[in-house]
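J.: Input work_25.cif, format and content: mmCIF, C-alpha atoms.
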data_model
loop_
_atom_site.label_atom_id
_atom_site.label_comp_id
_atom_site.auth_asym_id
_atom_site.auth_seq_id
_atom_site.Cartn_x
_atom_site.Cartn_y
_atom_site.Cartn_z
CA MET A 977 186.21 228.79 -18.97
CA GLY A 978 188.21 225.61 -19.54
CA ILE A 979 186.63 222.24 -20.24
CA ALA A 980 188.45 219.17 -19.00
CA GLY A 981 186.65 216.38 -20.78
CA PHE A 982 183.72 215.49 -23.01
CA SER A 983 181.44 214.31 -20.21
CA GLN A 984 182.18 217.12 -17.77
CA ILE A 985 179.22 219.20 -16.64
CA LEU A 986 180.04 222.90 -16.89
CA HIS A 987 178.93 224.97 -13.96
CA SER A 988 179.47 228.28 -12.26
CA CYS A 989 177.87 230.25 -9.46
CA LYS A 990 175.42 233.08 -9.76
CA PRO A 991 176.25 235.79 -7.23
CA GLY A 992 174.98 234.64 -3.87
CA GLY A 993 173.48 231.52 -5.40
CA LYS A 994 174.08 227.83 -5.92
CA PRO A 995 176.19 226.36 -8.73
CA VAL A 996 174.49 226.49 -12.12
CA GLU A 997 174.78 223.17 -13.94
CA LEU A 998 174.57 223.61 -17.71
CA GLY A 999 175.11 220.11 -19.04
CA LEU A 1000 177.26 221.38 -21.90
CA THR A 1001 179.94 219.46 -23.73
CA PRO A 1002 182.89 220.90 -25.67
CA PHE A 1003 182.74 221.59 -29.37
CA LEU A 1004 184.84 219.37 -31.57
CA ASP A 1005 185.65 220.13 -35.20
CA ARG A 1006 185.24 216.48 -36.09
CA ALA A 1007 183.83 213.45 -34.30
CA PRO A 1008 186.39 210.99 -32.90
CA ASP A 1009 186.99 207.66 -34.61
CA GLY A 1010 185.02 204.72 -33.32
CA GLU A 1011 182.42 202.17 -34.30
CA PRO A 1012 181.21 202.48 -37.91
CA LEU A 1013 177.81 204.13 -38.15
CA ARG A 1014 175.47 203.16 -40.95
CA ALA A 1015 172.68 205.67 -41.43
CA GLY A 1016 169.26 205.35 -42.97
CA VAL A 1017 167.43 208.46 -44.20
CA ILE A 1018 163.66 208.63 -43.71
CA GLY A 1019 162.39 211.57 -45.75
CA CYS A 1020 164.50 212.35 -48.84
CA GLY A 1021 163.60 215.99 -49.48
CA GLY A 1022 166.02 218.89 -49.25
CA ARG A 1023 166.47 218.74 -45.48
CA GLY A 1024 166.83 214.97 -45.34
CA THR A 1025 169.41 215.05 -48.12
CA GLY A 1026 171.23 217.94 -46.48
CA ALA A 1027 171.27 216.19 -43.11
CA ALA A 1028 172.67 213.05 -44.77
CA ILE A 1029 175.57 215.04 -46.21
CA ASN A 1030 176.12 216.83 -42.89
CA PHE A 1031 176.35 213.40 -41.23
CA LEU A 1032 178.86 212.11 -43.78
CA ASN A 1033 181.07 215.15 -43.11
CA ALA A 1034 181.02 214.65 -39.32
CA GLY A 1035 183.82 212.09 -39.08
CA ASN A 1036 185.32 208.84 -40.35
CA ASP A 1037 183.58 205.50 -40.95
CA LEU A 1038 180.18 207.11 -41.53
CA SER A 1039 177.97 205.89 -44.35
CA ILE A 1040 174.47 206.25 -45.78
CA VAL A 1041 173.20 202.77 -46.61
CA ALA A 1042 169.41 203.11 -46.93
CA VAL A 1043 166.76 205.68 -47.84
CA ALA A 1044 162.97 205.83 -47.60
CA ASP A 1045 160.35 208.23 -48.92
CA VAL A 1046 156.77 208.29 -50.15
CA PHE A 1047 157.89 209.44 -53.62
CA GLN A 1048 160.34 207.78 -55.99
CA ASP A 1049 161.59 211.07 -57.46
CA ARG A 1050 162.66 212.20 -53.98
CA ILE A 1051 164.54 208.97 -53.47
CA ASP A 1052 166.25 209.37 -56.84
CA SER A 1053 167.29 213.00 -56.25
CA CYS A 1054 168.61 212.19 -52.76
CA ARG A 1055 170.71 209.29 -54.03
CA GLU A 1056 172.03 211.39 -56.91
CA LYS A 1057 173.10 214.30 -54.70
CA ILE A 1058 174.78 212.04 -52.14
CA LYS A 1059 176.64 210.28 -54.94
CA ASP A 1060 177.66 213.55 -56.63
CA GLU A 1061 178.83 215.29 -53.45
CA LYS A 1062 180.23 212.40 -51.42
CA GLY A 1063 180.76 209.55 -53.90
CA VAL A 1064 178.41 207.31 -51.92
CA GLU A 1065 176.19 204.89 -53.82
CA ILE A 1066 173.12 203.40 -52.16
CA ASP A 1067 172.07 199.92 -53.20
CA ASP A 1068 168.72 199.64 -54.99
CA ALA A 1069 167.68 196.94 -52.51
CA ASN A 1070 167.93 199.49 -49.67
CA CYS A 1071 165.67 202.11 -51.25
CA PHE A 1072 162.08 201.96 -49.99
CA MET A 1073 158.99 203.82 -51.19
CA GLY A 1074 155.61 204.31 -49.51
CA PHE A 1075 154.10 205.40 -46.21
CA ASP A 1076 155.42 202.23 -44.53
CA ALA A 1077 158.87 202.52 -46.14
CA TYR A 1078 160.43 203.54 -42.83
CA LYS A 1079 159.46 200.21 -41.31
CA ARG A 1080 161.35 198.32 -43.99
CA LEU A 1081 164.34 200.63 -43.64
CA LEU A 1082 164.50 199.90 -39.91
CA GLU A 1083 164.91 196.21 -40.76
CA THR A 1084 168.14 196.83 -42.70
CA ASP A 1085 171.68 196.94 -41.32
CA VAL A 1086 171.45 200.49 -39.96
CA ASN A 1087 172.23 201.89 -36.52
CA TYR A 1088 171.74 205.66 -37.05
CA ILE A 1089 168.46 207.08 -38.31
CA ILE A 1090 167.87 210.48 -39.89
CA ILE A 1091 164.18 211.48 -39.73
CA ALA A 1092 163.32 214.43 -41.99
CA THR A 1093 159.77 213.68 -43.09
CA PRO A 1094 157.03 216.31 -42.69
CA PRO A 1095 156.52 216.85 -38.94
CA TYR A 1096 153.16 215.05 -38.82
CA PHE A 1097 154.92 211.72 -39.35
CA ARG A 1098 157.80 212.17 -36.91
CA PRO A 1099 156.25 210.92 -33.63
CA GLU A 1100 155.35 207.51 -35.06
CA GLN A 1101 158.65 207.16 -36.91
CA PHE A 1102 160.71 208.22 -33.89
CA GLN A 1103 158.89 205.76 -31.67
CA ALA A 1104 159.57 202.97 -34.18
CA ALA A 1105 163.26 203.90 -34.38
CA VAL A 1106 163.59 203.85 -30.58
CA GLU A 1107 161.83 200.49 -30.38
CA ALA A 1108 164.36 199.22 -32.95
CA ARG A 1109 167.11 200.59 -30.65
CA MET A 1110 168.51 203.10 -33.13
CA HIS A 1111 170.36 206.33 -32.46
CA VAL A 1112 168.36 209.15 -34.05
CA PHE A 1113 168.83 212.52 -35.65
CA MET A 1114 165.35 214.00 -36.05
CA GLU A 1115 164.50 217.36 -37.54
CA LYS A 1116 162.42 219.90 -35.68
CA PRO A 1117 159.56 220.38 -34.97
CA VAL A 1118 158.94 216.92 -33.61
CA ALA A 1119 155.13 216.99 -33.77
CA VAL A 1120 152.15 219.06 -34.93
CA ASP A 1121 149.65 218.40 -32.11
CA PRO A 1122 149.57 217.62 -28.37
CA VAL A 1123 149.13 213.88 -28.90
CA GLY A 1124 152.24 213.76 -31.08
CA ALA A 1125 154.31 215.88 -28.69
CA ARG A 1126 153.48 213.56 -25.80
CA MET A 1127 154.40 210.54 -27.96
CA ILE A 1128 157.83 212.09 -28.47
CA ILE A 1129 158.27 212.65 -24.73
CA ALA A 1130 157.37 209.03 -23.96
CA ALA A 1131 159.66 207.65 -26.68
CA SER A 1132 162.45 210.01 -25.57
CA ARG A 1133 162.34 208.56 -22.07
CA GLU A 1134 162.45 205.05 -23.52
CA ALA A 1135 165.48 206.05 -25.60
CA GLU A 1136 167.21 207.45 -22.52
CA ALA A 1137 166.56 204.26 -20.57
CA ALA A 1138 168.05 202.26 -23.46
CA GLY A 1139 171.20 204.41 -23.61
CA LEU A 1140 170.42 205.77 -27.07
CA SER A 1141 171.50 209.21 -28.29
CA VAL A 1142 169.10 211.62 -29.98
CA ALA A 1143 169.63 215.04 -31.57
CA THR A 1144 166.76 217.10 -32.91
CA GLY A 1145 167.75 219.82 -35.36
CA THR A 1146 167.64 222.76 -32.94
CA GLN A 1147 170.79 224.22 -34.48
CA ARG A 1148 171.10 227.17 -32.14
CA ARG A 1149 171.86 224.77 -29.27
CA HIS A 1150 174.79 223.49 -31.35
CA ALA A 1151 176.07 226.90 -32.43
CA ARG A 1152 179.27 228.04 -30.72
CA ASP A 1153 178.25 231.69 -30.45
CA TYR A 1154 174.75 231.00 -29.07
CA THR A 1155 176.17 228.49 -26.60
CA GLU A 1156 178.77 230.93 -25.31
CA VAL A 1157 176.09 233.58 -24.75
CA PHE A 1158 173.89 230.97 -23.05
CA LYS A 1159 176.73 230.22 -20.63
CA GLN A 1160 177.26 233.90 -19.86
CA VAL A 1161 173.54 234.48 -19.25
CA ARG A 1162 173.15 231.42 -17.06
CA TYR A 1163 176.23 232.44 -15.09
CA GLY A 1164 174.37 235.66 -14.22
CA ALA A 1165 176.06 238.18 -16.52
CA ILE A 1166 172.79 240.07 -17.09
CA GLY A 1167 171.15 239.10 -13.80
CA ASP A 1168 167.86 237.24 -13.64
CA ILE A 1169 165.85 237.14 -16.86
CA VAL A 1170 162.72 239.27 -16.51
CA ALA A 1171 161.45 239.47 -20.11
CA ALA A 1172 162.22 238.38 -23.66
CA ASN A 1173 161.18 238.94 -27.26
CA VAL A 1174 161.47 236.45 -30.12
CA TYR A 1175 160.84 237.00 -33.82
CA TRP A 1176 160.74 235.16 -37.11
CA ASN A 1177 159.32 237.79 -39.43
CA SER A 1178 160.20 236.98 -43.03
CA GLY A 1179 158.78 236.64 -46.51
CA LYS A 1180 156.83 233.65 -47.75
CA LEU A 1181 158.67 230.36 -48.04
CA TRP A 1182 157.66 228.22 -50.99
CA HIS A 1183 154.59 226.52 -52.28
CA ARG A 1184 153.80 223.88 -54.85
CA ASP A 1185 150.74 224.44 -57.01
CA PRO A 1186 148.41 221.43 -57.16
CA GLN A 1187 148.80 219.36 -60.31
CA PRO A 1188 145.70 217.84 -61.93
CA LYS A 1189 147.48 214.54 -62.56
CA ARG A 1190 148.30 214.14 -58.88
CA THR A 1191 145.94 212.97 -56.16
CA GLU A 1192 144.79 215.32 -53.41
CA MET A 1193 147.06 213.63 -50.89
CA GLU A 1194 150.10 213.88 -53.14
CA ASN A 1195 149.46 217.56 -53.79
CA MET A 1196 149.29 218.23 -50.04
CA LEU A 1197 152.42 216.21 -49.31
CA ARG A 1198 154.42 218.05 -51.95
CA ASP A 1199 153.12 221.37 -50.55
CA TRP A 1200 153.48 220.21 -46.94
CA VAL A 1201 154.95 223.41 -45.50
CA ASN A 1202 151.62 225.20 -46.13
CA TRP A 1203 149.33 222.70 -44.38
CA THR A 1204 148.85 222.77 -40.62
CA TRP A 1205 148.34 219.01 -40.30
CA LEU A 1206 151.67 218.36 -42.02
CA SER A 1207 153.85 221.21 -40.72
CA GLY A 1208 152.11 222.55 -37.62
CA ASP A 1209 151.84 226.02 -39.26
CA HIS A 1210 154.92 228.23 -39.49
CA ILE A 1211 154.84 229.12 -35.79
CA VAL A 1212 155.63 225.46 -35.12
CA GLU A 1213 157.64 224.57 -38.21
CA GLN A 1214 159.89 227.65 -38.29
CA HIS A 1215 159.39 229.99 -35.31
CA LEU A 1216 160.05 227.02 -33.02
CA HIS A 1217 163.77 227.84 -33.31
CA ASN A 1218 163.30 231.19 -31.58
CA ILE A 1219 160.86 229.88 -28.98
CA ASP A 1220 163.27 227.07 -28.15
CA VAL A 1221 166.06 229.58 -27.46
CA ILE A 1222 164.00 231.23 -24.72
CA ASN A 1223 163.00 227.92 -23.16
CA TRP A 1224 166.70 226.97 -23.25
CA PHE A 1225 167.95 230.25 -21.76
CA THR A 1226 165.33 230.33 -19.01
CA GLY A 1227 165.31 226.59 -18.33
CA MET A 1228 161.49 226.76 -18.27
CA HIS A 1229 158.43 226.54 -20.46
CA PRO A 1230 155.38 228.86 -20.36
CA VAL A 1231 152.31 227.96 -18.35
CA LYS A 1232 149.83 229.81 -20.55
CA ALA A 1233 149.51 231.72 -23.81
CA LEU A 1234 147.19 234.32 -25.31
CA GLY A 1235 147.65 235.48 -28.87
CA PHE A 1236 146.14 236.58 -32.13
CA GLY A 1237 146.90 235.97 -35.79
CA GLY A 1238 145.41 235.99 -39.24
CA ARG A 1239 145.70 235.31 -42.94
CA HIS A 1240 146.00 237.98 -45.63
CA ARG A 1241 148.14 236.77 -48.49
CA ARG A 1242 148.40 232.97 -48.66
CA GLN A 1243 146.93 231.31 -51.71
CA THR A 1244 147.45 227.70 -50.68
CA GLY A 1245 147.00 225.48 -47.64
CA ASP A 1246 145.14 226.44 -44.46
CA GLN A 1247 147.66 228.34 -42.35
CA PHE A 1248 147.88 231.85 -40.93
CA ASP A 1249 150.25 234.51 -42.28
CA PHE A 1250 151.15 235.91 -38.86
CA PHE A 1251 151.03 235.23 -35.11
CA SER A 1252 151.59 237.44 -32.06
CA ILE A 1253 151.55 235.80 -28.64
CA ASP A 1254 152.06 236.67 -25.00
CA PHE A 1255 153.60 233.65 -23.26
CA VAL A 1256 153.58 233.70 -19.45
CA TYR A 1257 156.18 231.57 -17.66
CA GLU A 1258 155.87 229.93 -14.26
CA ASN A 1259 157.81 232.70 -12.50
CA GLY A 1260 155.49 235.35 -13.95
CA ILE A 1261 157.75 236.70 -16.69
CA HIS A 1262 156.18 237.53 -20.05
CA ILE A 1263 157.72 236.59 -23.39
CA HIS A 1264 156.47 238.22 -26.58
CA SER A 1265 156.55 235.93 -29.60
CA MET A 1266 155.97 237.28 -33.12
CA CYS A 1267 156.24 235.51 -36.48
CA ARG A 1268 155.12 236.41 -39.98
CA GLN A 1269 155.50 235.06 -43.51
CA ILE A 1270 154.51 237.94 -45.82
CA SER A 1271 156.86 239.20 -48.51
CA GLY A 1272 157.56 242.93 -48.92
CA CYS A 1273 157.55 243.71 -45.17
CA SER A 1274 160.30 244.51 -42.67
CA ASP A 1275 162.04 241.28 -41.65
CA ASN A 1276 163.49 240.27 -38.30
CA VAL A 1277 164.72 236.86 -37.17
CA SER A 1278 166.13 237.20 -33.66
CA GLU A 1279 165.88 236.53 -29.94
CA HIS A 1280 166.39 239.00 -27.09
CA VAL A 1281 166.49 238.47 -23.34
CA ARG A 1282 166.44 241.22 -20.72
CA GLY A 1283 167.74 240.71 -17.21
CA THR A 1284 167.93 242.69 -14.01
CA LYS A 1285 171.50 243.80 -14.88
CA GLY A 1286 171.47 244.03 -18.66
CA TYR A 1287 170.29 242.37 -21.84
CA SER A 1288 171.49 240.20 -24.73
CA ASN A 1289 170.69 239.41 -28.35
CA CYS A 1290 171.31 235.72 -27.45
CA VAL A 1291 173.62 235.11 -30.40
CA ASN A 1292 176.80 237.09 -29.72
CA THR A 1293 176.54 240.18 -27.49
CA LEU A 1294 175.79 241.28 -23.91
CA PHE A 1295 174.84 244.85 -22.98
CA GLU A 1296 174.53 247.03 -19.90
CA PRO A 1297 171.00 248.39 -19.21
CA ASP A 1298 172.02 251.69 -20.87
CA GLY A 1299 173.07 249.93 -24.08
CA GLU A 1300 176.83 249.82 -23.53
CA MET A 1301 178.31 246.58 -24.84
CA ILE A 1302 180.03 244.55 -22.12
CA TRP A 1303 180.91 241.36 -24.03
CA GLU A 1304 180.99 240.12 -27.62
CA TYR A 1305 181.64 236.67 -29.06
CA PRO A 1306 185.25 236.48 -30.36
CA TYR A 1307 184.67 235.61 -34.02
CA GLU A 1308 187.67 235.05 -36.24
CA LEU A 1309 188.32 237.95 -38.61
CA ASP A 1310 188.60 237.82 -42.38
CA GLU A 1311 191.34 239.52 -44.40
CA GLU A 1312 189.46 242.82 -44.23
CA GLY A 1313 189.04 242.61 -40.47
CA ASN A 1314 185.34 241.72 -40.52
CA PRO A 1315 183.92 239.01 -38.23
CA LYS A 1316 183.57 235.61 -39.92
CA ARG A 1317 180.06 234.57 -38.93
CA LEU A 1318 179.54 230.88 -38.26
CA GLY A 1319 176.75 230.50 -40.81
CA SER A 1320 175.77 226.88 -41.40
CA GLN A 1321 178.40 225.46 -39.03
CA ALA A 1322 175.74 224.30 -36.56
CA TYR A 1323 174.16 222.00 -39.19
CA PHE A 1324 177.39 220.00 -39.18
CA GLN A 1325 177.99 220.44 -35.45
CA GLU A 1326 174.80 218.70 -34.40
CA HIS A 1327 175.92 215.54 -36.22
CA ILE A 1328 179.46 215.86 -34.85
CA ASP A 1329 177.99 216.11 -31.36
CA LEU A 1330 175.64 213.15 -31.91
CA VAL A 1331 178.33 210.89 -33.39
CA THR A 1332 180.71 211.89 -30.58
CA ALA A 1333 178.10 211.03 -27.94
CA ILE A 1334 177.59 207.60 -29.49
CA ARG A 1335 181.28 206.81 -29.88
CA THR A 1336 182.28 207.99 -26.41
CA ASN A 1337 179.31 206.23 -24.79
CA LYS A 1338 178.18 209.54 -23.28
CA PRO A 1339 174.55 209.66 -24.52
CA ILE A 1340 172.79 212.91 -25.31
CA ASN A 1341 169.03 213.17 -25.73
CA GLU A 1342 167.37 216.35 -26.97
CA ALA A 1343 163.99 214.89 -27.90
CA GLU A 1344 162.06 215.81 -24.74
CA ASN A 1345 163.32 219.40 -24.66
CA THR A 1346 162.39 219.83 -28.31
CA ALA A 1347 158.98 218.26 -27.67
CA ILE A 1348 158.42 220.80 -24.89
CA SER A 1349 159.37 223.69 -27.21
CA THR A 1350 157.15 222.17 -29.91
CA MET A 1351 154.27 222.00 -27.43
CA THR A 1352 154.94 225.65 -26.53
CA ALA A 1353 154.52 226.64 -30.19
CA ILE A 1354 151.42 224.46 -30.54
CA MET A 1355 149.92 226.13 -27.46
CA GLY A 1356 150.52 229.54 -29.05
CA ARG A 1357 149.03 228.41 -32.36
CA ILE A 1358 145.87 227.10 -30.73
CA SER A 1359 145.42 230.34 -28.79
CA CYS A 1360 145.70 232.35 -32.01
CA TYR A 1361 143.37 230.03 -33.91
CA THR A 1362 140.70 230.22 -31.19
CA GLY A 1363 141.32 233.69 -29.75
CA LYS A 1364 141.32 232.20 -26.26
CA GLU A 1365 143.86 231.76 -23.49
CA VAL A 1366 145.36 228.27 -23.51
CA THR A 1367 147.24 226.69 -20.60
CA TRP A 1368 150.07 224.18 -20.49
CA GLU A 1369 147.93 221.85 -18.40
CA GLU A 1370 145.29 221.84 -21.13
CA MET A 1371 147.91 220.95 -23.72
CA MET A 1372 149.30 218.09 -21.66
CA ASN A 1373 145.80 216.66 -21.28
CA SER A 1374 144.51 217.40 -24.76
CA ASP A 1375 143.41 214.60 -27.07
CA LEU A 1376 143.81 216.84 -30.14
CA LYS A 1377 145.28 214.97 -33.08
CA ILE A 1378 145.02 216.72 -36.43
CA GLY A 1379 145.14 215.35 -39.96
CA PRO A 1380 143.08 213.23 -42.37
CA ASP A 1381 141.36 210.07 -41.19
CA LYS A 1382 143.16 208.03 -43.85
CA ILE A 1383 146.78 208.50 -44.95
CA GLU A 1384 147.31 207.10 -48.42
CA VAL A 1385 148.39 208.40 -51.82
CA GLY A 1386 144.91 208.82 -53.25
CA PRO A 1387 141.76 210.89 -52.76
CA SER A 1388 141.50 212.62 -49.38
CA ASP A 1389 138.55 213.84 -47.36
CA TYR A 1390 140.72 216.56 -45.78
CA ARG A 1391 139.72 220.10 -46.74
CA ALA A 1392 141.35 223.44 -46.00
CA VAL A 1393 139.42 225.24 -43.26
CA VAL A 1394 141.16 228.43 -42.16
CA PRO A 1395 140.49 229.04 -38.44
CA VAL A 1396 138.40 232.08 -37.47
CA PRO A 1397 139.23 233.28 -33.93
CA GLY A 1398 136.26 233.74 -31.61
CA THR A 1399 134.00 231.25 -33.38
CA PRO A 1400 133.00 227.74 -32.22
#
Show me, as structure tokens, the structure contained in the file I just sent.
T.:
Amino acid sequence: MGIAGFSQILHSCKPGGKPVELGLTPFLDRAPDGEPLRAGVIGCGGRGTGAAINFLNAGNDLSIVAVADVFQDRIDSCREKIKDEKGVEIDDANCFMGFDAYKRLLETDVNYIIIATPPYFRPEQFQAAVEARMHVFMEKPVAVDPVGARMIIAASREAEAAGLSVATGTQRRHARDYTEVFKQVRYGAIGDIVAANVYWNSGKLWHRDPQPKRTEMENMLRDWVNWTWLSGDHIVEQHLHNIDVINWFTGMHPVKALGFGGRHRRQTGDQFDFFSIDFVYENGIHIHSMCRQISGCSDNVSEHVRGTKGYSNCVNTLFEPDGEMIWEYPYELDEEGNPKRLGSQAYFQEHIDLVTAIRTNKPINEAENTAISTMTAIMGRISCYTGKEVTWEEMMNSDLKIGPDKIEVGPSDYRAVVPVPGTP
């Protein structure tokens, strides 16, 4: 289907139905020229550094001018990698350390913010960036608890009212193959969606052993991906990608969840090793969500939707009910005739799309959708932790805010308590 211009809304008609508006914009290989954008990076770990380089590769007149992190070694490694890969040097005066470093960064001459801190910190930092009237790229997930997710929704609406653009690290929504399948499904190619399955079953990620010379808080921060208060648990931090695909494809979020999970192998933090959840959506369809981080098991990272006329793997193929393929994404072929998968292309594309939106004055804002998907994952996590059914209404009214009472690099009163389903 042709696309006439960047701001055009793509639409089609489902058989016998009304036009389906998709709100999609065309993919560009590089953002158009326009106003110079000066980015500040809040959170200088691997993802923040990677996002900074992705941003610099998105177009012309893009620069990284400030960085902020709790730890000096992270600041140093980020600056070094950006200098080595892109030849960009960041002035010492624009490097800020500490929990309030982001506030000082927002006072510099920046107009594009990259937020890649542990998810616990993102709601407050996003709100501050919006209040400072900055365009924002923020990694997913955007929160770890219901209070944080609602903060993101409120700040997202403020950003929209101010004409700001926001992208949120949900790469599948910026992947050309996923987006083409999304269009086909929403146009009715497999009929109405009646069920779906999503998986992120993989081995363990990483952990950092506590060091005696470090404080309790520093040890947790450096091992953040294993602590629920910092990451949301892996159902939120990682499996969110798959959950978000189903919310995207259906245009809905679930109204309730019931699941189970447990912990067998982890040696650090307070998270579960696996989750299995039945999400029920407002039209009565059931979505099965499964995620696991245990090495040595069968792995599966995928999404599948089934409709009244067929099914899809969401990424590149549509099938008839009997399994016959009816459409496949037209990848370019390599010299041996094998499809050239898109790989990490979406990491660059999300910055191309964000810079393009800013420079064409056609704002995009993904924060609320990602907050809704984050809340979906949080709802599933809470059901598994408690062993009880949890509803969307309960989440939207919950005052649950997790984490230590005091956030400072020093002793902490926070202790690992692994949830036991079915207990008070």
J.: Taking the file as shown, what set of residues would the PyMOL selection byres ((chain A and resi 1334-1344) around 8) give back, as a list in words?
T.: Ser983, Pro1008, Asp1009, Gly1010, Glu1011, His1111, Val1118, Ile1128, Ile1129, Ser1132, Arg1133, Ala1135, Glu1136, Gly1139, Leu1140, Ser1141, Val1142, Ala1143, Thr1144, Leu1330, Val1331, Thr1332, Ala1333, Asn1345, Thr1346, Ala1347 and Ile1348 of chain A
J.: For region 1033-1035 of chain A, list every protein, DNA or RNA residue within 9 Å, evaluated using only C-alpha atoms, and leave out those in the same chain fewer than 2 positions away; present the list as a ChimeraX atom specification.
T.: /A:1005-1009,1028-1031,1037-1038,1062,1324-1329,1331
J.: Which value, in Å to one decimal, gives the distance between CA of Leu1032 (chain A) and CA of Pro1117 (chain A)?
T.: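 Computing the Euclidean distance for CA of Leu1032 (chain A) and CA of Pro1117 (chain A) yields 22.8 Å.
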J.: For a test of reading the model, state the distance in Å between CA of Gly1024 (chain A) and CA of Thr1093 (chain A), rounded to one decimal.
T.: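 Answer for the CA of Gly1024 (chain A) to CA of Thr1093 (chain A) separation: 7.5 Å.
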J.: Going by the chain IDs and residue numbers used in this file, which residues fall under the PyMOL selection byres ((chain A and resi 1296-1309) around 10)? Write them as a list in words.
T.: Arg1152, Asp1153, Tyr1154, Glu1156, Val1157, Gln1160, Ala1165, Ile1166, Arg1282, Gly1283, Thr1284, Lys1285, Gly1286, Tyr1287, Ser1288, Val1291, Asn1292, Thr1293, Leu1294, Phe1295, Asp1310, Glu1311, Glu1312, Gly1313, Asn1314, Pro1315, Lys1316, Arg1317 and Leu1318 of chain A
J.: Would you list the contacts of Thr1155 (chain A) as a ChimeraX atom specification, taking every protein, DNA or RNA residue within 10 Å and counting only C-alpha atoms, but skipping same-chain residues closer than 4 positions in sequence?
T.: /A:1000,1003,1148-1151,1159-1161,1225,1290-1292
J.: Quick one: pull the distance between CA of Leu1206 (chain A) and CA of Pro1094 (chain A), Å, one decimal.
T.: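 Computing the Euclidean distance for CA of Leu1206 (chain A) and CA of Pro1094 (chain A) yields 5.8 Å.
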J.: For Val1256 (chain A), which residue among A:Glu1370, A:Glu1365, A:Asp1220, A:Glu1192 is the nearest when counting all atoms listed in the file?
T.: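 Closest to Val1256 (chain A), using all atoms listed in the file: A:Glu1365.
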J.: Please write as a PyMOL selection string the full residue list that the PyMOL selection byres ((chain A and resi 1260-1268) around 7) yields on this file.
T.: chain A and resi 1170-1178+1211+1215+1249-1259+1269-1270
J.: Ranking A:Gly1227, A:Asn1087, A:Ile1040, A:Ile1169 by minimum distance to His1280 (chain A) and counting only C-alpha atoms, which one comes first?
T.: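 The closest residue to His1280 (chain A) is A:Ile1169.
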J.: Considering only C-alpha atoms, state which residue in the set A:Tyr1088, A:Arg1242, A:Asp1389, A:Leu1004 is at the smallest distance from Ser1271 (chain A).
T.: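 Of A:Tyr1088, A:Arg1242, A:Asp1389, A:Leu1004, the one nearest Ser1271 (chain A) is A:Arg1242, counting only C-alpha atoms.
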J.: Find the residue from A:Ala1119, A:Met1110, A:Met1351, A:Ala1105 that sits nearest to Ile1219 (chain A); use all atoms listed in the file when measuring.
T.: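 Closest residue, counting all atoms listed in the file: A:Met1351.
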J.: Could you pull out every residue with an atom within 12 Å of (177.0, 212.8, -54.7), file coordinates, counting only C-alpha atoms, and send them as an MDAnalysis selection string?
T.: chainID A and resid 1025:1026 1028:1029 1032 1040 1052:1066
J.: In terms of the shortest atom-to-atom distance over all atoms listed in the file, which of A:Val1112, A:Ala1353, A:Leu1082, A:Ala1233 is closest to Gln1214 (chain A)?
T.: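 Smallest distance to Gln1214 (chain A) is found for A:Ala1353.
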